[in-house]
Every structure is written in structure tokens, then in C-alpha cells.
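Participant: Sending over a structure as C-alpha cells; questions will come in a sec.
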Amino acid sequence: MMSMNIGFIGLGNMGGAVAKAVSQVDDTNLLLSNYNPTKAHALQQQIGGQLLSNKEIMTQAQVVFLGVKPHQLSSLLADLKGQATPADQTIISMAAGVNLADLTEMLPNKPIIRMMPNTPVEIGQGMTTYTTLDGQASPLFEDLMVYAGQVTFTPENLMDAATAIAGCGPAFVYQFIEALADAGVQNGLSRQVALDLAAQTVAGSAQMVSQTKKHPAQLRDEVTSPGGSTIAGVVALEKHGFRYAIISAINKALKKTKKLGKN
Ligand SMILES: NC(=O)c1ccc[n+]([C@@H]2O[C@H](COP(=O)([O-])OP(=O)(O)OC[C@H]3O[C@@H](n4cnc5c(N)ncnc54)[C@H](OP(=O)(O)O)[C@@H]3O)[C@@H](O)[C@H]2O)c1
């Protein structure tokens, strides 16, 4: 890849995580901006790059990642309206629920990518979906996200569903890990040991699903001996509506995501 100026406007949890992944790509100059400059400065200490204003980033960057909250997007872009920009500039929005049609209205005549990352991007273990105006995969985007984890092109009508699972999902998984660890502590394990056991159990089980391609129900059967302790736990989860609780959480998150885009 030729040396490129890559701008980031909005360096909170998600914008910062994506910037950390992109900073590892060769031949990229990072241009960083955040409303509160202390945050941008702290990130610059870790990953390098230049601190600039939003307007300077729009003028100088070939690619601009927008990491502000969905409801902050329209006022940010209104402020930047009329700004001279490089002819080939690509804008990448990570705002949940904001669709390409709305982005195009705010940013006419520009190649736009809508992405949905998740916070494990920060450690190269993210799950990112993205979609584009021309409906084609973007080699440029995939090159920039090569250190971010898995990246999958997704039709736009499925982006909100992907957001509810992969964007919001880490929070639900952390709740599950915390609950596993609480049970461990209740039964005498130290907090640290209980967290280590819980996190590695979730990580290993997730890898079994990805690598073996077996249906999770089959993998569960393989752990569940007749009359044993695991089936006792499985039945208790069923009694408390475990799977229904998860499906409901995703559907609530999906409904809220669709609302975010309408602000
Ligand atoms: N968090 C996630 O897991 C996740 C997952 C997928 C997608 N997203 C999307 O990522 C975006 C950011 O979410 P977040 O959780 O990272 O929120 P966040 O931590 O609040 O980050 C937003 C950042 O944008 C900055 N900002 C706001 N207005 C600005 C402006 N006009 N110019 C420059 N910087 C500005 C804020 O600065 P100050 O702090 O100084 O106000 C803040 O650092 C959202 O659109 C969200 O939908 C988040």
C-alpha cells in the first residue's frame, strides 16, 4: 500500500480501538482528533500520529474514520460542510444504525463505507462487518483492517442484525463470564482463578465452534454424559430461559440500533 493519511475523528472506546489496529498497517500516517484533546493525546502516546483539528483531517486525509456517537454525526458533518477535501477521499462511519442513504445525504459525492466493529478489534480479535455504496467488497478497507480480526462484507439490510450480535454481543459475553466467575467465587475459587477459568472456557468453546464447524448443540452433546453433572446444569439453564434471554437481548439491541439511526 502507498503511504496514506488516515484520519480519525472521535477517539472514544471504538474509534480508539480501530485506530490501534490501523496503526499497525505499514505506510499509514495517522491524523487524530477528539473533542476532548486529552484523550487524543493519550492515544497518540501509544500509537503515534499527529493531532489535528477535524477540518485539517478532512483536508489532508485520503481515508477518514468517523468514531463519534450516532447522534453526534449530523452536527459534526454540518460543521465540516464545504470543506475542501482530497478528490479520492473515502469516509468510513462506524455509527450504529446510521445507514448508507443517510450518510450519503450528509456526505454527498463521496465513497462511503459503513462499518460495524466491536471492541475486541483493539487486540486484533474483533468481528467487523461492513457494507459499501456500490455493493462491492473494498480491498482498501480490508487492507486497513488486517490487524483488527475478522472482517466480513455484509449486505446493508443485514447490518443492524450484525450490529446487535457482534457490536453489542461482547457486553453480553462479559456478563456471562462475570456470572461464571461469581459462581466460582461462591464455590471457593479466588476471583482471579475464577475469571481465568471462565474466560478461557468461553474462548476455547468459541474456537471449537469456529474451527470444527459443528453445530453448537452437537458440541454440547459431546460434553453431556447421561445422568451427569453437565446435563443437570443444562436443564437448570433451560428452566431459567437462558436461550430465550439471549435471543431477547439481541432483539432488544436490534430494535434500539434501528432507533439510533433515526435520531
Ligand atoms: N462501543 C462499542 O462497542 C461500539 C461498537 C460498534 C460501533 N460503535 C460505534 O462507535 C461510535 C463511537 O462509540 P463509542 O462507544 O466509542 O463512544 P465514545 O466512547 O463516547 O466515543 C465517541 C468519541 O467521539 C468524540 N467526539 C464527539 N464529538 C466529536 C467531535 N465533534 N469531534 C471530535 N470528536 C468528537 C468524543 O469525545 P469526548 O469524549 O471528548 O466527548 C468521544 O471520544 C458510535 O457511533 C457507536 O455507534 C461502538
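Going through the C-alpha cells in order, the chains are called A, B, and so on, while each chain numbers its residues from 1 and the ligands are numbered from 1 in the order shown.
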Using the chain letters and numbers from this document, which residues of segment 142-208 of chain A does DSSP assign to alpha helix (DSSP H), as an MDAnalysis selection string?

Facilitator: chainID A and resid 142:144 159:162 169:186 191:208

Participant: Do you know which residues are at most 12 Å from Asp79 of chain A counting only C-alpha atoms, after dropping those on the same chain fewer than 6 positions away, and could you put them as a list in words?

Facilitator: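 Residues meeting the cut-off are Ser53, Asn54, Lys55, Met58, Gln72, Leu73, Met106 and Leu107 of chain A.
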
Participant: Please dump the current selection as a PDB file, in the first residue's frame; keep all heavy atoms.

Facilitator:
ATOM      1  N   SER A  53      -7.022  19.270  13.877  1.00  0.00           N
ATOM      2  CA  SER A  53      -8.449  19.592  14.048  1.00  0.00           C
ATOM      3  C   SER A  53      -9.256  18.734  13.061  1.00  0.00           C
ATOM      4  O   SER A  53      -8.715  18.185  12.097  1.00  0.00           O
ATOM      5  CB  SER A  53      -8.679  21.073  13.748  1.00  0.00           C
ATOM      6  OG  SER A  53      -8.484  21.304  12.364  1.00  0.00           O
ATOM      7  N   ASN A  54     -10.571  18.685  13.293  1.00  0.00           N
ATOM      8  CA  ASN A  54     -11.436  17.928  12.371  1.00  0.00           C
ATOM      9  C   ASN A  54     -11.282  18.462  10.935  1.00  0.00           C
ATOM     10  O   ASN A  54     -11.212  17.694   9.977  1.00  0.00           O
ATOM     11  CB  ASN A  54     -12.901  18.068  12.798  1.00  0.00           C
ATOM     12  CG  ASN A  54     -13.166  17.377  14.121  1.00  0.00           C
ATOM     13  OD1 ASN A  54     -12.333  16.606  14.598  1.00  0.00           O
ATOM     14  ND2 ASN A  54     -14.312  17.648  14.719  1.00  0.00           N
ATOM     15  N   LYS A  55     -11.231  19.797  10.811  1.00  0.00           N
ATOM     16  CA  LYS A  55     -11.141  20.398   9.469  1.00  0.00           C
ATOM     17  C   LYS A  55      -9.824  20.032   8.792  1.00  0.00           C
ATOM     18  O   LYS A  55      -9.785  19.708   7.601  1.00  0.00           O
ATOM     19  CB  LYS A  55     -11.305  21.923   9.558  1.00  0.00           C
ATOM     20  CG  LYS A  55     -12.749  22.271   9.833  1.00  0.00           C
ATOM     21  CD  LYS A  55     -13.056  23.735   9.682  1.00  0.00           C
ATOM     22  CE  LYS A  55     -14.575  23.880   9.861  1.00  0.00           C
ATOM     23  NZ  LYS A  55     -15.029  25.179  10.231  1.00  0.00           N
ATOM     24  N   MET A  58     -10.063  16.543   7.479  1.00  0.00           N
ATOM     25  CA  MET A  58     -10.849  16.451   6.245  1.00  0.00           C
ATOM     26  C   MET A  58     -10.046  16.942   5.045  1.00  0.00           C
ATOM     27  O   MET A  58     -10.184  16.427   3.943  1.00  0.00           O
ATOM     28  CB  MET A  58     -12.148  17.269   6.366  1.00  0.00           C
ATOM     29  CG  MET A  58     -13.171  16.654   7.287  1.00  0.00           C
ATOM     30  SD  MET A  58     -13.649  14.968   6.882  1.00  0.00           S
ATOM     31  CE  MET A  58     -14.809  15.231   5.550  1.00  0.00           C
ATOM     32  N   GLN A  72     -24.198  12.376  17.274  1.00  0.00           N
ATOM     33  CA  GLN A  72     -23.240  13.487  17.099  1.00  0.00           C
ATOM     34  C   GLN A  72     -22.840  13.671  15.633  1.00  0.00           C
ATOM     35  O   GLN A  72     -22.197  14.666  15.284  1.00  0.00           O
ATOM     36  CB  GLN A  72     -21.970  13.211  17.927  1.00  0.00           C
ATOM     37  CG  GLN A  72     -22.238  13.143  19.422  1.00  0.00           C
ATOM     38  CD  GLN A  72     -21.075  12.540  20.192  1.00  0.00           C
ATOM     39  OE1 GLN A  72     -20.362  11.669  19.695  1.00  0.00           O
ATOM     40  NE2 GLN A  72     -20.900  12.993  21.423  1.00  0.00           N
ATOM     41  N   LEU A  73     -23.235  12.681  14.810  1.00  0.00           N
ATOM     42  CA  LEU A  73     -22.733  12.653  13.435  1.00  0.00           C
ATOM     43  C   LEU A  73     -23.221  13.838  12.593  1.00  0.00           C
ATOM     44  O   LEU A  73     -22.427  14.491  11.906  1.00  0.00           O
ATOM     45  CB  LEU A  73     -23.183  11.337  12.787  1.00  0.00           C
ATOM     46  CG  LEU A  73     -22.376  10.780  11.650  1.00  0.00           C
ATOM     47  CD1 LEU A  73     -20.900  10.687  11.983  1.00  0.00           C
ATOM     48  CD2 LEU A  73     -22.923   9.411  11.259  1.00  0.00           C
ATOM     49  N   MET A 106     -25.654  13.241   4.096  1.00  0.00           N
ATOM     50  CA  MET A 106     -24.775  14.137   4.862  1.00  0.00           C
ATOM     51  C   MET A 106     -23.438  14.352   4.148  1.00  0.00           C
ATOM     52  O   MET A 106     -22.762  15.350   4.381  1.00  0.00           O
ATOM     53  CB  MET A 106     -24.525  13.562   6.262  1.00  0.00           C
ATOM     54  CG  MET A 106     -25.770  13.527   7.137  1.00  0.00           C
ATOM     55  SD  MET A 106     -25.383  12.994   8.822  1.00  0.00           S
ATOM     56  CE  MET A 106     -25.752  11.260   8.762  1.00  0.00           C
ATOM     57  N   LEU A 107     -23.057  13.389   3.314  1.00  0.00           N
ATOM     58  CA  LEU A 107     -21.733  13.440   2.653  1.00  0.00           C
ATOM     59  C   LEU A 107     -21.905  13.141   1.171  1.00  0.00           C
ATOM     60  O   LEU A 107     -21.523  12.062   0.700  1.00  0.00           O
ATOM     61  CB  LEU A 107     -20.825  12.358   3.246  1.00  0.00           C
ATOM     62  CG  LEU A 107     -20.303  12.567   4.645  1.00  0.00           C
ATOM     63  CD1 LEU A 107     -19.904  11.239   5.261  1.00  0.00           C
ATOM     64  CD2 LEU A 107     -19.095  13.501   4.619  1.00  0.00           C
TER      65      LEU A 107
END

Participant: Quick one, how far is atom CA of Gly169 of chain A from atom CA of Pro120 of chain A?

Facilitator: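 Going from atom CA of Gly169 of chain A over to atom CA of Pro120 of chain A, I get 10.8 Å.
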
Participant: Just how far from atom CA of Ile231 of chain A is atom CA of Ser190 of chain A, in Å to one decimal?

Facilitator: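 Taking atom CA of Ser190 of chain A as the start and atom CA of Ile231 of chain A as the end point, the length is 25.7 Å.
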
Participant: Please identify all polymer residues within 9 Å of Asn13 of chain A, counting only C-alpha atoms, omitting same-chain residues fewer than 5 positions from it, and present them as a list in words.

Facilitator: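 The residues satisfying every condition are Val18, Gly67 and Thr119 of chain A.
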
Participant: Pick from A:Gln89, A:Thr163, A:Gln125, A:Asn109: nearest to ligand 1, with only C-alpha atoms and all ligand atoms counted?

Facilitator: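 Between A:Gln89, A:Thr163, A:Gln125, A:Asn109, the residue approaching ligand 1 most closely is A:Thr163.
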